[in-house]
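J.: Coordinates in coords34.cif, mmCIF, N, CA and C atoms, are listed below.
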data_model
#
loop_
_atom_site.label_atom_id
_atom_site.label_comp_id
_atom_site.auth_asym_id
_atom_site.auth_seq_id
_atom_site.Cartn_x
_atom_site.Cartn_y
_atom_site.Cartn_z
N MET A 1 90.09 248.28 201.53
CA MET A 1 90.64 249.59 201.81
C MET A 1 92.06 249.72 201.26
N LEU A 2 92.86 248.70 201.45
CA LEU A 2 94.24 248.75 200.98
C LEU A 2 94.35 248.87 199.46
N PRO A 3 93.55 248.14 198.68
CA PRO A 3 93.63 248.33 197.22
C PRO A 3 93.28 249.76 196.79
N ALA A 4 92.31 250.36 197.47
CA ALA A 4 91.94 251.73 197.12
C ALA A 4 93.10 252.68 197.36
N LEU A 5 93.82 252.48 198.45
CA LEU A 5 94.98 253.33 198.74
C LEU A 5 96.15 253.04 197.80
N ALA A 6 96.30 251.78 197.42
CA ALA A 6 97.41 251.44 196.52
C ALA A 6 97.22 252.06 195.14
N TYR A 7 95.97 252.15 194.69
CA TYR A 7 95.70 252.70 193.37
C TYR A 7 95.42 254.19 193.38
N LEU A 8 95.45 254.84 194.54
CA LEU A 8 95.17 256.27 194.64
C LEU A 8 96.13 257.13 193.81
N PRO A 9 97.45 256.91 193.86
CA PRO A 9 98.32 257.74 193.01
C PRO A 9 98.01 257.59 191.52
N PHE A 10 97.65 256.37 191.10
CA PHE A 10 97.26 256.15 189.71
C PHE A 10 96.05 256.99 189.36
N ARG A 11 95.05 256.98 190.23
CA ARG A 11 93.82 257.73 189.96
C ARG A 11 94.05 259.23 189.97
N VAL A 12 94.94 259.68 190.86
CA VAL A 12 95.24 261.12 190.93
C VAL A 12 95.88 261.60 189.63
N VAL A 13 96.64 260.76 188.97
CA VAL A 13 97.28 261.13 187.71
C VAL A 13 96.34 260.87 186.53
N MET A 14 95.59 259.79 186.57
CA MET A 14 94.80 259.39 185.40
C MET A 14 93.61 260.31 185.14
N VAL A 15 92.95 260.79 186.18
CA VAL A 15 91.77 261.64 185.97
C VAL A 15 92.12 262.94 185.22
N PRO A 16 93.12 263.71 185.67
CA PRO A 16 93.47 264.89 184.88
C PRO A 16 94.01 264.55 183.48
N THR A 17 94.66 263.40 183.36
CA THR A 17 95.18 262.99 182.06
C THR A 17 94.03 262.74 181.09
N LYS A 18 92.93 262.16 181.57
CA LYS A 18 91.77 261.97 180.71
C LYS A 18 91.20 263.31 180.27
N TRP A 19 91.16 264.29 181.16
CA TRP A 19 90.67 265.63 180.79
C TRP A 19 91.57 266.25 179.73
N VAL A 20 92.87 266.13 179.90
CA VAL A 20 93.81 266.67 178.91
C VAL A 20 93.63 265.95 177.58
N GLY A 21 93.37 264.65 177.62
CA GLY A 21 93.13 263.89 176.39
C GLY A 21 91.90 264.40 175.66
N ARG A 22 90.88 264.78 176.41
CA ARG A 22 89.68 265.34 175.77
C ARG A 22 89.98 266.69 175.13
N VAL A 23 90.83 267.49 175.76
CA VAL A 23 91.24 268.77 175.18
C VAL A 23 92.02 268.53 173.90
N VAL A 24 92.90 267.55 173.92
CA VAL A 24 93.68 267.21 172.72
C VAL A 24 92.74 266.82 171.58
N ALA A 25 91.74 265.99 171.87
CA ALA A 25 90.79 265.57 170.84
C ALA A 25 89.98 266.75 170.33
N TRP A 26 89.58 267.63 171.23
CA TRP A 26 88.81 268.81 170.84
C TRP A 26 89.64 269.74 169.94
N LEU A 27 90.90 269.95 170.30
CA LEU A 27 91.77 270.77 169.46
C LEU A 27 92.03 270.12 168.10
N ALA A 28 92.18 268.81 168.08
CA ALA A 28 92.40 268.11 166.81
C ALA A 28 91.18 268.24 165.90
N GLU A 29 90.00 268.14 166.48
CA GLU A 29 88.79 268.32 165.68
C GLU A 29 88.70 269.74 165.14
N GLY A 30 89.03 270.71 165.96
CA GLY A 30 89.05 272.09 165.49
C GLY A 30 90.09 272.32 164.42
N TYR A 31 91.21 271.66 164.54
CA TYR A 31 92.28 271.79 163.54
C TYR A 31 91.81 271.28 162.18
N ARG A 32 91.08 270.18 162.19
CA ARG A 32 90.62 269.58 160.92
C ARG A 32 89.66 270.48 160.17
N THR A 33 88.87 271.27 160.89
CA THR A 33 87.84 272.09 160.25
C THR A 33 88.23 273.56 160.17
N ALA A 34 89.41 273.92 160.60
CA ALA A 34 89.81 275.33 160.69
C ALA A 34 90.42 275.82 159.38
N SER A 35 90.47 277.15 159.29
CA SER A 35 91.17 277.77 158.17
C SER A 35 92.68 277.64 158.41
N ARG A 36 93.47 278.01 157.42
CA ARG A 36 94.93 277.88 157.52
C ARG A 36 95.48 278.70 158.69
N LEU A 37 94.99 279.93 158.87
CA LEU A 37 95.45 280.77 159.98
C LEU A 37 95.09 280.15 161.32
N GLU A 38 93.87 279.66 161.44
CA GLU A 38 93.45 279.02 162.70
C GLU A 38 94.28 277.76 162.98
N GLN A 39 94.62 277.03 161.94
CA GLN A 39 95.45 275.84 162.13
C GLN A 39 96.82 276.21 162.69
N VAL A 40 97.38 277.30 162.18
CA VAL A 40 98.68 277.77 162.68
C VAL A 40 98.58 278.15 164.15
N LEU A 41 97.45 278.70 164.56
CA LEU A 41 97.27 279.09 165.95
C LEU A 41 96.96 277.91 166.86
N ILE A 42 96.29 276.88 166.34
CA ILE A 42 95.91 275.72 167.15
C ILE A 42 97.09 274.77 167.36
N LEU A 43 97.94 274.61 166.37
CA LEU A 43 98.98 273.59 166.40
C LEU A 43 99.91 273.66 167.62
N PRO A 44 100.42 274.83 168.03
CA PRO A 44 101.32 274.84 169.20
C PRO A 44 100.63 274.38 170.49
N SER A 45 99.40 274.84 170.72
CA SER A 45 98.72 274.41 171.94
C SER A 45 98.38 272.92 171.88
N TRP A 46 98.02 272.43 170.70
CA TRP A 46 97.75 271.00 170.57
C TRP A 46 99.01 270.19 170.90
N ALA A 47 100.16 270.65 170.40
CA ALA A 47 101.41 269.93 170.64
C ALA A 47 101.77 269.91 172.13
N VAL A 48 101.56 271.02 172.81
CA VAL A 48 101.86 271.08 174.25
C VAL A 48 100.93 270.14 175.02
N PHE A 49 99.63 270.22 174.74
CA PHE A 49 98.69 269.35 175.44
C PHE A 49 98.91 267.87 175.10
N ARG A 50 99.30 267.59 173.88
CA ARG A 50 99.59 266.21 173.49
C ARG A 50 100.80 265.68 174.27
N GLY A 51 101.82 266.51 174.42
CA GLY A 51 102.97 266.12 175.23
C GLY A 51 102.61 265.88 176.68
N ILE A 52 101.78 266.75 177.25
CA ILE A 52 101.32 266.57 178.63
C ILE A 52 100.54 265.28 178.76
N PHE A 53 99.69 264.99 177.76
CA PHE A 53 98.91 263.76 177.79
C PHE A 53 99.81 262.53 177.76
N ILE A 54 100.80 262.54 176.90
CA ILE A 54 101.70 261.38 176.79
C ILE A 54 102.48 261.17 178.09
N VAL A 55 102.97 262.23 178.70
CA VAL A 55 103.68 262.11 179.98
C VAL A 55 102.75 261.59 181.06
N GLY A 56 101.53 262.14 181.13
CA GLY A 56 100.56 261.70 182.14
C GLY A 56 100.16 260.25 181.96
N TRP A 57 99.94 259.86 180.72
CA TRP A 57 99.55 258.48 180.45
C TRP A 57 100.67 257.51 180.84
N THR A 58 101.90 257.88 180.50
CA THR A 58 103.04 257.03 180.85
C THR A 58 103.20 256.91 182.36
N LEU A 59 103.09 258.03 183.05
CA LEU A 59 103.20 258.01 184.51
C LEU A 59 102.07 257.19 185.13
N ALA A 60 100.86 257.33 184.60
CA ALA A 60 99.73 256.55 185.12
C ALA A 60 99.96 255.06 184.93
N GLN A 61 100.51 254.66 183.79
CA GLN A 61 100.79 253.25 183.55
C GLN A 61 101.83 252.71 184.53
N LEU A 62 102.86 253.51 184.78
CA LEU A 62 103.89 253.10 185.75
C LEU A 62 103.31 252.97 187.15
N LEU A 63 102.47 253.92 187.55
CA LEU A 63 101.86 253.87 188.88
C LEU A 63 100.89 252.70 189.00
N HIS A 64 100.17 252.39 187.94
CA HIS A 64 99.24 251.26 187.97
C HIS A 64 100.01 249.95 188.13
N GLY A 65 101.09 249.82 187.41
CA GLY A 65 101.92 248.61 187.54
C GLY A 65 102.53 248.47 188.92
N ALA A 66 102.98 249.59 189.48
CA ALA A 66 103.56 249.56 190.82
C ALA A 66 102.52 249.16 191.86
N ALA A 67 101.30 249.68 191.73
CA ALA A 67 100.24 249.33 192.67
C ALA A 67 99.89 247.84 192.55
N ARG A 68 99.81 247.36 191.32
CA ARG A 68 99.48 245.95 191.12
C ARG A 68 100.56 245.04 191.71
N ARG A 69 101.83 245.40 191.48
CA ARG A 69 102.92 244.59 192.03
C ARG A 69 102.94 244.63 193.56
N SER A 70 102.67 245.79 194.14
CA SER A 70 102.68 245.87 195.61
C SER A 70 101.55 245.05 196.22
N LEU A 71 100.39 245.03 195.58
CA LEU A 71 99.30 244.21 196.09
C LEU A 71 99.57 242.71 195.90
N GLU A 72 100.21 242.35 194.80
CA GLU A 72 100.58 240.95 194.60
C GLU A 72 101.59 240.50 195.64
N ARG A 73 102.53 241.37 196.00
CA ARG A 73 103.52 241.03 197.02
C ARG A 73 102.88 240.82 198.38
N LEU A 74 101.87 241.61 198.69
CA LEU A 74 101.17 241.46 199.97
C LEU A 74 100.38 240.16 200.02
N ASP A 75 99.82 239.73 198.90
CA ASP A 75 99.07 238.47 198.89
C ASP A 75 99.98 237.27 199.08
N LEU A 76 101.24 237.38 198.65
CA LEU A 76 102.18 236.28 198.81
C LEU A 76 102.74 236.17 200.22
N ALA A 77 102.73 237.27 200.95
CA ALA A 77 103.34 237.28 202.28
C ALA A 77 102.56 236.51 203.32
#
Since I need it in another form, could you write the structure as structure tokens?

T.:
Amino acid sequence: MLPALAYLPFRVVMVPTKWVGRVVAWLAEGYRTASRLEQVLILPSWAVFRGIFIVGWTLAQLLHGAARRSLERLDLA
């Protein structure tokens, strides 16, 4: 039970981050096959979602490390 609670913040951040990553991939695929005008319209939204993905991924990595360290500390006590 305790490991599930320790990793809960990581999961709360990682699940939406994976969805945003799929949107980024979908927009990138559309960008590759789009006309020049469509590319101009896709690029700003792709950049915003890519930034959100990078922030989410970084936060998820920090939360995962914090959960792992807190569980390791409990095992030593």

J.: Every residue with an atom at most 8 Å from (95.7, 274.0, 171.0) (file coordinates; all atoms listed in the file) is what I'm after, so could you write them as a PyMOL selection string?

T.: chain A and resi 23-24+26-28+41-50

J.: Compile the contact shell of Gln61 of chain A as a list of chain:residue names: residues with an atom at most 8 Å away, counting only N, CA and C atoms, same-chain residues fewer than 6 positions apart removed.

T.: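 Here the answer would be A:Phe10, A:Val13, A:Met14, A:Val55, A:Ala67.
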
J.: Given the file shown, determine the residues that the PyMOL selection byres (((chain A and resi 16 and name CA) around 12) and name CA) selects; report them as a PyMOL selection string.

T.: chain A and resi 9-15+17-23+49+52-53+55-57+59-60

J.: Would you write out those residues with N, CA and C atoms, as a compact mmCIF listing (two decimals), keeping the file's coordinate frame?

T.:
# COMPACT_ATOMS: atom_id res chain seq x y z
N PRO A 9 97.45 256.91 193.86
CA PRO A 9 98.32 257.74 193.01
C PRO A 9 98.01 257.59 191.52
N PHE A 10 97.65 256.37 191.10
CA PHE A 10 97.26 256.15 189.71
C PHE A 10 96.05 256.99 189.36
N ARG A 11 95.05 256.98 190.23
CA ARG A 11 93.82 257.73 189.96
C ARG A 11 94.05 259.23 189.97
N VAL A 12 94.94 259.68 190.86
CA VAL A 12 95.24 261.12 190.93
C VAL A 12 95.88 261.60 189.63
N VAL A 13 96.64 260.76 188.97
CA VAL A 13 97.28 261.13 187.71
C VAL A 13 96.34 260.87 186.53
N MET A 14 95.59 259.79 186.57
CA MET A 14 94.80 259.39 185.40
C MET A 14 93.61 260.31 185.14
N VAL A 15 92.95 260.79 186.18
CA VAL A 15 91.77 261.64 185.97
C VAL A 15 92.12 262.94 185.22
N THR A 17 94.66 263.40 183.36
CA THR A 17 95.18 262.99 182.06
C THR A 17 94.03 262.74 181.09
N LYS A 18 92.93 262.16 181.57
CA LYS A 18 91.77 261.97 180.71
C LYS A 18 91.20 263.31 180.27
N TRP A 19 91.16 264.29 181.16
CA TRP A 19 90.67 265.63 180.79
C TRP A 19 91.57 266.25 179.73
N VAL A 20 92.87 266.13 179.90
CA VAL A 20 93.81 266.67 178.91
C VAL A 20 93.63 265.95 177.58
N GLY A 21 93.37 264.65 177.62
CA GLY A 21 93.13 263.89 176.39
C GLY A 21 91.90 264.40 175.66
N ARG A 22 90.88 264.78 176.41
CA ARG A 22 89.68 265.34 175.77
C ARG A 22 89.98 266.69 175.13
N VAL A 23 90.83 267.49 175.76
CA VAL A 23 91.24 268.77 175.18
C VAL A 23 92.02 268.53 173.90
N PHE A 49 99.63 270.22 174.74
CA PHE A 49 98.69 269.35 175.44
C PHE A 49 98.91 267.87 175.10
N ILE A 52 101.78 266.75 177.25
CA ILE A 52 101.32 266.57 178.63
C ILE A 52 100.54 265.28 178.76
N PHE A 53 99.69 264.99 177.76
CA PHE A 53 98.91 263.76 177.79
C PHE A 53 99.81 262.53 177.76
N VAL A 55 102.97 262.23 178.70
CA VAL A 55 103.68 262.11 179.98
C VAL A 55 102.75 261.59 181.06
N GLY A 56 101.53 262.14 181.13
CA GLY A 56 100.56 261.70 182.14
C GLY A 56 100.16 260.25 181.96
N TRP A 57 99.94 259.86 180.72
CA TRP A 57 99.55 258.48 180.45
C TRP A 57 100.67 257.51 180.84
N LEU A 59 103.09 258.03 183.05
CA LEU A 59 103.20 258.01 184.51
C LEU A 59 102.07 257.19 185.13
N ALA A 60 100.86 257.33 184.60
CA ALA A 60 99.73 256.55 185.12
C ALA A 60 99.96 255.06 184.93

J.: By how many Å are atom N of Tyr7 of chain A and atom CA of Asp75 of chain A apart?

T.: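 Computing the Euclidean distance for atom N of Tyr7 of chain A and atom CA of Asp75 of chain A yields 14.6 Å.
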
J.: Could you check how far atom N of Arg73 of chain A sits from atom C of Thr58 of chain A, in Å to one decimal?

T.: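 A separation of 20.7 Å between them.
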
J.: Please, what distance in Å, to one decimal, runs between atom C of Leu63 of chain A and atom N of Gly51 of chain A?

T.: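 Going from atom C of Leu63 of chain A over to atom N of Gly51 of chain A covers 20.1 Å.
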
J.: Hey, what's within 9 Å of Leu71 of chain A if we count only C-alpha atoms and toss same-chain stuff fewer than 6 positions away? As a ChimeraX atom specification, please?

T.: /A:2-3,6

J.: For segment 31-49 of chain A, supply N, CA, C and O atoms and report the output as a PDB file, keeping the file's coordinate frame.

T.:
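Output file result.pdb follows:
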ATOM      1  N   TYR A  31      91.210 271.660 164.540  1.00  0.00           N
ATOM      2  CA  TYR A  31      92.280 271.790 163.540  1.00  0.00           C
ATOM      3  C   TYR A  31      91.810 271.280 162.180  1.00  0.00           C
ATOM      4  O   TYR A  31      92.098 271.877 161.153  1.00  0.00           O
ATOM      5  N   ARG A  32      91.080 270.180 162.190  1.00  0.00           N
ATOM      6  CA  ARG A  32      90.620 269.580 160.920  1.00  0.00           C
ATOM      7  C   ARG A  32      89.660 270.480 160.170  1.00  0.00           C
ATOM      8  O   ARG A  32      89.601 270.446 158.942  1.00  0.00           O
ATOM      9  N   THR A  33      88.870 271.270 160.890  1.00  0.00           N
ATOM     10  CA  THR A  33      87.840 272.090 160.250  1.00  0.00           C
ATOM     11  C   THR A  33      88.230 273.560 160.170  1.00  0.00           C
ATOM     12  O   THR A  33      87.430 274.367 159.701  1.00  0.00           O
ATOM     13  N   ALA A  34      89.410 273.920 160.600  1.00  0.00           N
ATOM     14  CA  ALA A  34      89.810 275.330 160.690  1.00  0.00           C
ATOM     15  C   ALA A  34      90.420 275.820 159.380  1.00  0.00           C
ATOM     16  O   ALA A  34      90.867 275.036 158.540  1.00  0.00           O
ATOM     17  N   SER A  35      90.470 277.150 159.290  1.00  0.00           N
ATOM     18  CA  SER A  35      91.170 277.770 158.170  1.00  0.00           C
ATOM     19  C   SER A  35      92.680 277.640 158.410  1.00  0.00           C
ATOM     20  O   SER A  35      93.122 277.238 159.484  1.00  0.00           O
ATOM     21  N   ARG A  36      93.470 278.010 157.420  1.00  0.00           N
ATOM     22  CA  ARG A  36      94.930 277.880 157.520  1.00  0.00           C
ATOM     23  C   ARG A  36      95.480 278.700 158.690  1.00  0.00           C
ATOM     24  O   ARG A  36      96.325 278.236 159.442  1.00  0.00           O
ATOM     25  N   LEU A  37      94.990 279.930 158.870  1.00  0.00           N
ATOM     26  CA  LEU A  37      95.450 280.770 159.980  1.00  0.00           C
ATOM     27  C   LEU A  37      95.090 280.150 161.320  1.00  0.00           C
ATOM     28  O   LEU A  37      95.918 280.120 162.245  1.00  0.00           O
ATOM     29  N   GLU A  38      93.870 279.660 161.440  1.00  0.00           N
ATOM     30  CA  GLU A  38      93.450 279.020 162.700  1.00  0.00           C
ATOM     31  C   GLU A  38      94.280 277.760 162.980  1.00  0.00           C
ATOM     32  O   GLU A  38      94.594 277.467 164.126  1.00  0.00           O
ATOM     33  N   GLN A  39      94.620 277.030 161.940  1.00  0.00           N
ATOM     34  CA  GLN A  39      95.450 275.840 162.130  1.00  0.00           C
ATOM     35  C   GLN A  39      96.820 276.210 162.690  1.00  0.00           C
ATOM     36  O   GLN A  39      97.341 275.514 163.560  1.00  0.00           O
ATOM     37  N   VAL A  40      97.380 277.300 162.180  1.00  0.00           N
ATOM     38  CA  VAL A  40      98.680 277.770 162.680  1.00  0.00           C
ATOM     39  C   VAL A  40      98.580 278.150 164.150  1.00  0.00           C
ATOM     40  O   VAL A  40      99.514 277.924 164.928  1.00  0.00           O
ATOM     41  N   LEU A  41      97.450 278.700 164.560  1.00  0.00           N
ATOM     42  CA  LEU A  41      97.270 279.090 165.950  1.00  0.00           C
ATOM     43  C   LEU A  41      96.960 277.910 166.860  1.00  0.00           C
ATOM     44  O   LEU A  41      97.335 277.905 168.038  1.00  0.00           O
ATOM     45  N   ILE A  42      96.290 276.880 166.340  1.00  0.00           N
ATOM     46  CA  ILE A  42      95.910 275.720 167.150  1.00  0.00           C
ATOM     47  C   ILE A  42      97.090 274.770 167.360  1.00  0.00           C
ATOM     48  O   ILE A  42      97.243 274.185 168.443  1.00  0.00           O
ATOM     49  N   LEU A  43      97.940 274.610 166.370  1.00  0.00           N
ATOM     50  CA  LEU A  43      98.980 273.590 166.400  1.00  0.00           C
ATOM     51  C   LEU A  43      99.910 273.660 167.620  1.00  0.00           C
ATOM     52  O   LEU A  43     100.154 272.622 168.256  1.00  0.00           O
ATOM     53  N   PRO A  44     100.420 274.830 168.030  1.00  0.00           N
ATOM     54  CA  PRO A  44     101.320 274.840 169.200  1.00  0.00           C
ATOM     55  C   PRO A  44     100.630 274.380 170.490  1.00  0.00           C
ATOM     56  O   PRO A  44     101.199 273.604 171.257  1.00  0.00           O
ATOM     57  N   SER A  45      99.400 274.840 170.720  1.00  0.00           N
ATOM     58  CA  SER A  45      98.720 274.410 171.940  1.00  0.00           C
ATOM     59  C   SER A  45      98.380 272.920 171.880  1.00  0.00           C
ATOM     60  O   SER A  45      98.462 272.223 172.896  1.00  0.00           O
ATOM     61  N   TRP A  46      98.020 272.430 170.700  1.00  0.00           N
ATOM     62  CA  TRP A  46      97.750 271.000 170.570  1.00  0.00           C
ATOM     63  C   TRP A  46      99.010 270.190 170.900  1.00  0.00           C
ATOM     64  O   TRP A  46      98.936 269.177 171.599  1.00  0.00           O
ATOM     65  N   ALA A  47     100.160 270.650 170.400  1.00  0.00           N
ATOM     66  CA  ALA A  47     101.410 269.930 170.640  1.00  0.00           C
ATOM     67  C   ALA A  47     101.770 269.910 172.130  1.00  0.00           C
ATOM     68  O   ALA A  47     102.199 268.876 172.656  1.00  0.00           O
ATOM     69  N   VAL A  48     101.560 271.020 172.810  1.00  0.00           N
ATOM     70  CA  VAL A  48     101.860 271.080 174.250  1.00  0.00           C
ATOM     71  C   VAL A  48     100.930 270.140 175.020  1.00  0.00           C
ATOM     72  O   VAL A  48     101.378 269.345 175.850  1.00  0.00           O
ATOM     73  N   PHE A  49      99.630 270.220 174.740  1.00  0.00           N
ATOM     74  CA  PHE A  49      98.690 269.350 175.440  1.00  0.00           C
ATOM     75  C   PHE A  49      98.910 267.870 175.100  1.00  0.00           C
ATOM     76  O   PHE A  49      98.741 267.004 175.947  1.00  0.00           O
TER      77      PHE A  49
END
